[in-house]
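Data from model19.cif: mmCIF, C-alpha atoms
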data_work
loop_
_atom_site.label_atom_id
_atom_site.label_comp_id
_atom_site.auth_asym_id
_atom_site.auth_seq_id
_atom_site.Cartn_x
_atom_site.Cartn_y
_atom_site.Cartn_z
CA MET A 1 37.13 96.27 -18.87
CA GLY A 2 37.53 92.81 -20.43
CA ARG A 3 38.66 89.68 -18.64
CA VAL A 4 42.36 88.98 -18.20
CA ALA A 5 43.57 85.38 -18.40
CA VAL A 6 47.06 84.17 -17.51
CA VAL A 7 47.97 80.89 -19.23
CA THR A 8 51.17 78.97 -18.44
CA GLY A 9 52.76 76.50 -20.81
CA ALA A 10 51.14 78.51 -23.59
CA SER A 11 53.72 78.20 -26.37
CA SER A 12 52.21 75.02 -27.83
CA GLY A 13 49.81 72.14 -27.28
CA ILE A 14 46.98 72.36 -24.79
CA GLY A 15 48.10 75.74 -23.42
CA ALA A 16 48.14 77.37 -26.86
CA GLU A 17 44.69 75.98 -27.69
CA ILE A 18 43.24 77.14 -24.37
CA ALA A 19 44.66 80.62 -25.04
CA ARG A 20 43.09 80.67 -28.51
CA LEU A 21 39.66 79.79 -27.14
CA LEU A 22 39.93 82.29 -24.28
CA ALA A 23 40.96 85.02 -26.72
CA GLY A 24 38.09 83.98 -28.95
CA ARG A 25 35.60 84.75 -26.20
CA GLY A 26 37.20 88.17 -25.67
CA ASP A 27 39.75 87.59 -22.90
CA LEU A 28 43.12 89.37 -22.93
CA CYS A 29 45.58 86.50 -22.67
CA VAL A 30 48.90 86.93 -20.88
CA LEU A 31 51.01 83.98 -21.99
CA LEU A 32 53.81 82.34 -19.99
CA ALA A 33 56.26 79.71 -21.25
CA ARG A 34 59.99 79.17 -21.65
CA ARG A 35 60.20 79.47 -25.47
CA ALA A 36 60.12 83.22 -26.03
CA ASP A 37 59.91 83.12 -29.83
CA ARG A 38 56.95 80.75 -29.94
CA LEU A 39 55.27 82.67 -27.13
CA GLN A 40 55.65 86.04 -28.84
CA ALA A 41 54.26 84.70 -32.10
CA LEU A 42 51.14 83.41 -30.37
CA ALA A 43 50.71 86.64 -28.41
CA GLU A 44 50.78 88.59 -31.67
CA GLU A 45 48.27 86.18 -33.22
CA LEU A 46 45.85 86.61 -30.31
CA GLY A 47 46.45 90.27 -29.50
CA GLY A 48 47.77 89.23 -26.11
CA GLU A 49 50.96 89.61 -24.11
CA ALA A 50 54.02 87.35 -23.83
CA GLU A 51 56.03 86.88 -20.65
CA PRO A 52 58.80 84.27 -20.99
CA CYS A 53 59.11 82.39 -17.72
CA ASP A 54 60.20 79.04 -16.31
CA VAL A 55 57.51 78.27 -13.74
CA SER A 56 59.84 75.96 -11.84
CA ASP A 57 61.85 79.05 -10.81
CA ARG A 58 59.93 80.59 -7.89
CA ALA A 59 61.83 83.88 -8.03
CA ALA A 60 61.19 84.21 -11.76
CA VAL A 61 57.47 83.52 -11.27
CA GLU A 62 57.22 86.15 -8.56
CA ALA A 63 59.04 88.71 -10.73
CA VAL A 64 56.84 88.04 -13.77
CA ALA A 65 53.67 88.11 -11.69
CA GLY A 66 54.74 91.43 -10.20
CA ARG A 67 55.11 92.96 -13.66
CA ILE A 68 51.80 91.55 -14.86
CA LEU A 69 49.89 92.68 -11.77
CA GLU A 70 51.21 96.20 -12.25
CA ARG A 71 49.54 96.25 -15.67
CA HIS A 72 46.53 94.12 -14.72
CA PRO A 73 45.64 94.27 -11.02
CA ARG A 74 42.64 92.01 -11.67
CA ILE A 75 43.25 88.48 -12.97
CA ASP A 76 40.02 86.73 -13.93
CA VAL A 77 41.48 83.38 -14.99
CA LEU A 78 44.72 81.58 -14.16
CA VAL A 79 45.42 78.43 -16.17
CA ASN A 80 48.19 76.30 -14.69
CA ASN A 81 49.00 74.19 -17.73
CA ALA A 82 52.82 74.14 -17.86
CA GLY A 83 54.14 70.61 -17.75
CA ILE A 84 56.77 68.27 -19.13
CA PRO A 85 56.60 64.57 -20.02
CA GLY A 86 58.45 61.98 -18.04
CA ARG A 87 58.39 58.43 -19.35
CA THR A 88 61.19 57.38 -17.06
CA SER A 89 61.76 55.07 -14.13
CA PHE A 90 62.08 55.72 -10.41
CA LEU A 91 64.75 53.02 -10.30
CA GLY A 92 66.96 53.83 -13.27
CA GLY A 93 65.82 57.24 -14.47
CA ASP A 94 67.92 60.38 -14.51
CA PRO A 95 67.59 62.03 -11.06
CA GLU A 96 67.60 65.47 -12.70
CA VAL A 97 64.57 64.51 -14.81
CA ILE A 98 62.68 63.23 -11.77
CA GLU A 99 63.39 66.43 -9.82
CA ARG A 100 62.43 68.62 -12.78
CA LEU A 101 59.10 66.83 -13.11
CA ILE A 102 58.25 67.82 -9.55
CA ARG A 103 59.49 71.39 -9.97
CA ILE A 104 57.50 72.07 -13.14
CA ASN A 105 54.44 69.81 -13.02
CA TYR A 106 53.69 70.30 -9.33
CA LEU A 107 55.54 73.24 -7.79
CA GLY A 108 55.11 75.43 -10.89
CA GLY A 109 51.37 75.57 -10.25
CA VAL A 110 51.90 76.26 -6.56
CA TRP A 111 54.23 79.20 -7.25
CA CYS A 112 51.92 80.64 -9.93
CA LEU A 113 48.82 80.47 -7.77
CA ARG A 114 50.59 82.10 -4.84
CA ALA A 115 52.03 84.84 -7.06
CA PHE A 116 48.78 85.67 -8.88
CA LEU A 117 46.46 85.22 -5.90
CA PRO A 118 46.16 88.99 -5.20
CA GLY A 119 44.91 89.51 -8.75
CA LEU A 120 42.47 86.62 -8.50
CA GLN A 121 41.16 87.97 -5.20
CA ALA A 122 40.72 91.44 -6.71
CA ALA A 123 38.72 90.00 -9.62
CA ALA A 124 36.59 87.53 -7.62
CA PRO A 125 34.53 85.72 -8.68
CA SER A 126 37.49 84.37 -10.62
CA ASP A 127 38.75 81.02 -11.83
CA VAL A 128 41.83 78.80 -11.58
CA VAL A 129 42.28 75.90 -13.99
CA ASN A 130 44.82 73.23 -13.08
CA VAL A 131 45.52 70.91 -16.01
CA VAL A 132 46.47 67.70 -14.22
CA SER A 133 46.24 64.25 -15.87
CA VAL A 134 44.56 60.89 -15.54
CA SER A 135 48.11 59.80 -14.63
CA GLY A 136 47.57 61.66 -11.37
CA VAL A 137 45.03 59.03 -10.30
CA VAL A 138 46.28 55.95 -12.21
CA ALA A 139 49.94 55.23 -11.55
CA GLY A 140 52.33 52.77 -13.11
CA PRO A 141 55.23 52.25 -15.50
CA PRO A 142 56.58 53.54 -17.79
CA SER A 143 55.77 56.96 -16.28
CA GLY A 144 55.98 56.56 -12.51
CA PRO A 145 57.77 59.85 -11.74
CA TYR A 146 55.38 61.72 -14.05
CA SER A 147 52.40 60.15 -12.29
CA ALA A 148 53.87 61.13 -8.93
CA SER A 149 54.25 64.76 -10.03
CA LYS A 150 50.66 64.79 -11.27
CA HIS A 151 49.37 63.09 -8.12
CA ALA A 152 51.01 65.87 -6.10
CA GLN A 153 49.44 68.45 -8.41
CA LEU A 154 46.06 66.80 -7.93
CA ALA A 155 46.39 66.95 -4.13
CA PHE A 156 47.38 70.62 -4.42
CA SER A 157 44.40 71.34 -6.67
CA ARG A 158 41.86 69.60 -4.45
CA THR A 159 43.20 71.33 -1.37
CA VAL A 160 43.16 74.87 -2.76
CA ALA A 161 39.70 74.26 -4.24
CA ALA A 162 38.42 73.96 -0.68
CA GLU A 163 40.58 76.81 0.64
CA LEU A 164 39.53 79.30 -2.03
CA ARG A 165 35.85 78.42 -2.27
CA GLY A 166 34.91 80.96 0.39
CA GLN A 167 36.81 83.68 -1.50
CA LYS A 168 34.72 83.13 -4.66
CA ILE A 169 37.71 81.73 -6.51
CA ARG A 170 36.64 78.57 -8.34
CA VAL A 171 39.23 75.86 -8.95
CA HIS A 172 38.72 73.59 -11.95
CA THR A 173 40.83 70.43 -11.91
CA VAL A 174 40.96 68.99 -15.43
CA LYS A 175 42.38 65.49 -15.88
CA PRO A 176 43.03 64.68 -19.55
CA GLY A 177 43.74 61.17 -20.76
CA PHE A 178 46.24 60.40 -23.52
CA THR A 179 46.58 63.61 -25.56
CA GLU A 180 48.74 63.94 -28.67
CA THR A 181 50.87 67.10 -28.52
CA GLU A 182 54.37 68.17 -29.55
CA GLY A 183 55.65 67.69 -26.01
CA PHE A 184 53.65 64.53 -25.32
CA PRO A 185 53.76 62.32 -28.44
CA GLN A 186 51.75 59.13 -27.96
CA SER A 187 53.48 56.94 -30.56
CA TRP A 188 54.76 54.67 -27.77
CA LEU A 189 51.26 53.43 -26.97
CA PRO A 190 50.15 49.95 -28.09
CA ARG A 191 47.85 50.01 -31.12
CA PRO A 192 44.54 49.40 -29.22
CA ALA A 193 45.26 52.29 -26.83
CA LYS A 194 45.92 54.72 -29.68
CA ARG A 195 42.19 54.77 -30.39
CA LEU A 196 41.72 56.54 -27.04
CA VAL A 197 44.09 59.42 -27.87
CA ILE A 198 42.54 62.89 -28.15
CA GLY A 199 43.90 66.23 -29.36
CA PRO A 200 44.78 69.45 -27.52
CA ARG A 201 41.75 71.23 -28.97
CA ASP A 202 39.50 68.63 -27.30
CA VAL A 203 41.04 69.39 -23.91
CA ALA A 204 40.86 73.15 -24.49
CA ALA A 205 37.17 72.95 -25.41
CA HIS A 206 36.55 70.95 -22.24
CA VAL A 207 38.34 73.61 -20.19
CA LEU A 208 36.14 76.34 -21.67
CA ARG A 209 33.00 74.36 -20.87
CA SER A 210 34.27 73.84 -17.33
CA LEU A 211 34.75 77.58 -16.89
CA GLU A 212 31.31 78.34 -18.27
CA ASP A 213 29.50 75.64 -16.29
CA GLY A 214 31.51 75.74 -13.03
CA ARG A 215 32.31 72.03 -13.24
CA GLY A 216 35.13 71.77 -10.69
CA GLU A 217 37.04 68.47 -11.02
CA THR A 218 36.51 66.61 -14.30
CA THR A 219 38.07 64.00 -16.56
CA VAL A 220 38.37 64.28 -20.34
CA PRO A 221 37.30 62.09 -22.02
CA TRP A 222 34.86 60.99 -19.33
CA TYR A 223 35.51 57.27 -19.86
CA TYR A 224 38.94 57.52 -18.23
CA GLY A 225 37.25 58.40 -14.95
CA PRO A 226 36.45 54.86 -13.73
CA LEU A 227 40.12 53.81 -14.05
CA ALA A 228 41.05 55.55 -10.81
CA ALA A 229 38.35 53.74 -8.85
CA LEU A 230 39.34 50.43 -10.43
CA GLN A 231 42.98 50.81 -9.42
CA ASP A 232 41.90 51.66 -5.88
CA VAL A 233 39.62 48.60 -5.71
CA MET A 234 41.91 46.16 -7.56
CA PRO A 235 45.48 47.37 -7.08
CA ASN A 236 47.03 43.93 -7.45
CA VAL A 237 45.25 43.31 -10.76
CA PHE A 238 46.51 46.66 -12.04
CA THR A 239 50.04 45.77 -10.96
CA ARG A 240 49.95 42.62 -13.07
CA VAL A 241 48.48 44.44 -16.08
CA LEU A 242 50.81 47.43 -15.87
CA SER A 243 53.85 45.18 -15.56
CA ARG A 244 53.19 44.16 -19.18
CA MET A 245 53.04 47.75 -20.51
CA PRO A 246 55.74 48.88 -22.98
CA LYS A 247 58.96 50.10 -21.42
CA ALA A 248 59.89 53.78 -21.62
CA PRO A 249 61.59 54.66 -24.95
#
Encoded form using structure tokens:
Amino acid sequence: MGRVAVVTGASSGIGAEIARLLAGRGDLCVLLARRADRLQALAEELGGEAEPCDVSDRAAVEAVAGRILERHPRIDVLVNNAGIPGRTSFLGGDPEVIERLIRINYLGGVWCLRAFLPGLQAAAPSDVVNVVSVSGVVAGPPSGPYSASKHAQLAFSRTVAAELRGQKIRVHTVKPGFTETEGFPQSWLPRPAKRLVIGPRDVAAHVLRSLEDGRGETTVPWYYGPLAALQDVMPNVFTRVLSRMPKAP
């Protein structure tokens, strides 16, 4: 029997590219996202399955996982990729947007891992990929609430990596830098920073290498990695620099 991979946020961007690469290596991809039409089209393209779902809704996640586990009791790979952008402010941003960032970017991964854990345990050794962000380790305007949601997701990912290690479930925490996608356009960046932008296929290829090599926590591209240490060492310098960043559109 071939491997079964569940990919959230799979209707476009990084999630869709990860699904394409997983299907290319022979995995049966079960795709989750809110946009049913886009999801079904990709499932047909890949010979996979579509399950429309809003991962911020815990009851909906549990119901979808129940249906999937009936068909596929063994889940070899879970990719927690669903996420929304949030270039908004803690001080003046829409409270609903701030709450939704936490529900989707952070809690969505928690609910999916809990719901699919029996399948991952049945398939062990198995893999969980949490697509976090460099914003989870480098925080500042104009995306403070987004960074907070990704920082929470990073803490979740690091914690379950230790908890699941003894069960032969590997957790891969992938932290992309600026990535141009439909949901995360990077046109707001200043011109020099645009040279650092990568594409969703770059992130997907990194995820596949992480799965094959058992990399654990990584940053893509690698040169974003030192930023986290620099902000920890020189927080006041970062505050001055980030205060000059463009305001949220």
Name the residues that the PyMOL selection byres ((chain A and resi 210) around 12) pulls out of this structure, and write them as an MDAnalysis selection string.
chainID A and resid 18 127:131 170:175 203:209 211:220
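Compared by their closest atoms to A:Cys29, and using all atoms listed in the file, the residues A:Val7, A:Val64, A:Ile14, A:Glu45 rank with A:Val7 nearest.
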Atom CA of A:Ala23 to atom CA of A:Pro221: how many Å, to one decimal?
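Atom-to-atom, atom CA of A:Ala23 to atom CA of A:Pro221, that is 23.7 Å.
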On this structure, which residues satisfy the PyMOL selection byres ((chain A and resi 73-80) around 8), written as a PDB file with C-alpha atoms, in the coordinates of the input?
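Done, and the output landed in out.pdb:
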ATOM      1  CA  ARG A   3      38.660  89.680 -18.640  1.00  0.00           C
ATOM      2  CA  VAL A   4      42.360  88.980 -18.200  1.00  0.00           C
ATOM      3  CA  ALA A   5      43.570  85.380 -18.400  1.00  0.00           C
ATOM      4  CA  VAL A   6      47.060  84.170 -17.510  1.00  0.00           C
ATOM      5  CA  VAL A   7      47.970  80.890 -19.230  1.00  0.00           C
ATOM      6  CA  THR A   8      51.170  78.970 -18.440  1.00  0.00           C
ATOM      7  CA  GLY A   9      52.760  76.500 -20.810  1.00  0.00           C
ATOM      8  CA  ILE A  68      51.800  91.550 -14.860  1.00  0.00           C
ATOM      9  CA  LEU A  69      49.890  92.680 -11.770  1.00  0.00           C
ATOM     10  CA  GLU A  70      51.210  96.200 -12.250  1.00  0.00           C
ATOM     11  CA  ARG A  71      49.540  96.250 -15.670  1.00  0.00           C
ATOM     12  CA  HIS A  72      46.530  94.120 -14.720  1.00  0.00           C
ATOM     13  CA  ASN A  81      49.000  74.190 -17.730  1.00  0.00           C
ATOM     14  CA  ALA A  82      52.820  74.140 -17.860  1.00  0.00           C
ATOM     15  CA  GLY A 108      55.110  75.430 -10.890  1.00  0.00           C
ATOM     16  CA  GLY A 109      51.370  75.570 -10.250  1.00  0.00           C
ATOM     17  CA  CYS A 112      51.920  80.640  -9.930  1.00  0.00           C
ATOM     18  CA  LEU A 113      48.820  80.470  -7.770  1.00  0.00           C
ATOM     19  CA  PHE A 116      48.780  85.670  -8.880  1.00  0.00           C
ATOM     20  CA  PRO A 118      46.160  88.990  -5.200  1.00  0.00           C
ATOM     21  CA  GLY A 119      44.910  89.510  -8.750  1.00  0.00           C
ATOM     22  CA  LEU A 120      42.470  86.620  -8.500  1.00  0.00           C
ATOM     23  CA  GLN A 121      41.160  87.970  -5.200  1.00  0.00           C
ATOM     24  CA  ALA A 122      40.720  91.440  -6.710  1.00  0.00           C
ATOM     25  CA  ALA A 123      38.720  90.000  -9.620  1.00  0.00           C
ATOM     26  CA  ALA A 124      36.590  87.530  -7.620  1.00  0.00           C
ATOM     27  CA  PRO A 125      34.530  85.720  -8.680  1.00  0.00           C
ATOM     28  CA  SER A 126      37.490  84.370 -10.620  1.00  0.00           C
ATOM     29  CA  ASP A 127      38.750  81.020 -11.830  1.00  0.00           C
ATOM     30  CA  VAL A 128      41.830  78.800 -11.580  1.00  0.00           C
ATOM     31  CA  VAL A 129      42.280  75.900 -13.990  1.00  0.00           C
ATOM     32  CA  ASN A 130      44.820  73.230 -13.080  1.00  0.00           C
ATOM     33  CA  VAL A 131      45.520  70.910 -16.010  1.00  0.00           C
TER      34      VAL A 131
END
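Considering the residues A:Glu44, A:Glu99, A:Gly177, A:Gly166 and counting all atoms listed in the file, A:Ser133 has its shortest atom-to-atom contact with A:Gly177.
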For the provided coordinates, the residues matched by the PyMOL selection byres ((chain A and resi 140) around 12) should be stated as a short mmCIF file (atom, residue, chain, number, x, y, z; two decimals) with C-alpha atoms, in the coordinates of the input.
data_model
loop_
_atom_site.label_atom_id
_atom_site.label_comp_id
_atom_site.auth_asym_id
_atom_site.auth_seq_id
_atom_site.Cartn_x
_atom_site.Cartn_y
_atom_site.Cartn_z
CA ARG A 87 58.39 58.43 -19.35
CA THR A 88 61.19 57.38 -17.06
CA SER A 89 61.76 55.07 -14.13
CA PHE A 90 62.08 55.72 -10.41
CA VAL A 134 44.56 60.89 -15.54
CA SER A 135 48.11 59.80 -14.63
CA GLY A 136 47.57 61.66 -11.37
CA VAL A 137 45.03 59.03 -10.30
CA VAL A 138 46.28 55.95 -12.21
CA ALA A 139 49.94 55.23 -11.55
CA PRO A 141 55.23 52.25 -15.50
CA PRO A 142 56.58 53.54 -17.79
CA SER A 143 55.77 56.96 -16.28
CA GLY A 144 55.98 56.56 -12.51
CA PRO A 145 57.77 59.85 -11.74
CA TYR A 146 55.38 61.72 -14.05
CA SER A 147 52.40 60.15 -12.29
CA ALA A 148 53.87 61.13 -8.93
CA HIS A 151 49.37 63.09 -8.12
CA ALA A 228 41.05 55.55 -10.81
CA GLN A 231 42.98 50.81 -9.42
CA PRO A 235 45.48 47.37 -7.08
CA ASN A 236 47.03 43.93 -7.45
CA PHE A 238 46.51 46.66 -12.04
CA THR A 239 50.04 45.77 -10.96
CA ARG A 240 49.95 42.62 -13.07
CA VAL A 241 48.48 44.44 -16.08
CA LEU A 242 50.81 47.43 -15.87
CA SER A 243 53.85 45.18 -15.56
CA ARG A 244 53.19 44.16 -19.18
CA MET A 245 53.04 47.75 -20.51
CA PRO A 246 55.74 48.88 -22.98
CA LYS A 247 58.96 50.10 -21.42
CA ALA A 248 59.89 53.78 -21.62
#
Compile the contact shell of A:Gly83 as a VMD selection string: residues with an atom at most 8 Å away, counting only C-alpha atoms, same-chain residues fewer than 5 positions apart removed.
chain A and resid 9 101 104 to 105
Could you state the separation of atom CA of A:Gly66 and atom CA of A:Ala152 in Å, given to one decimal place?
26.2 Å
By how many Å are atom CA of A:Phe156 and atom CA of A:Pro200 apart?
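That distance, rounded to one decimal, is 23.3 Å.
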Which residue out of A:Asp232, A:Asp54, A:Asp37, A:Asp27 has the minimum interatomic distance to A:Ser12 when all atoms listed in the file are used?
A:Asp37
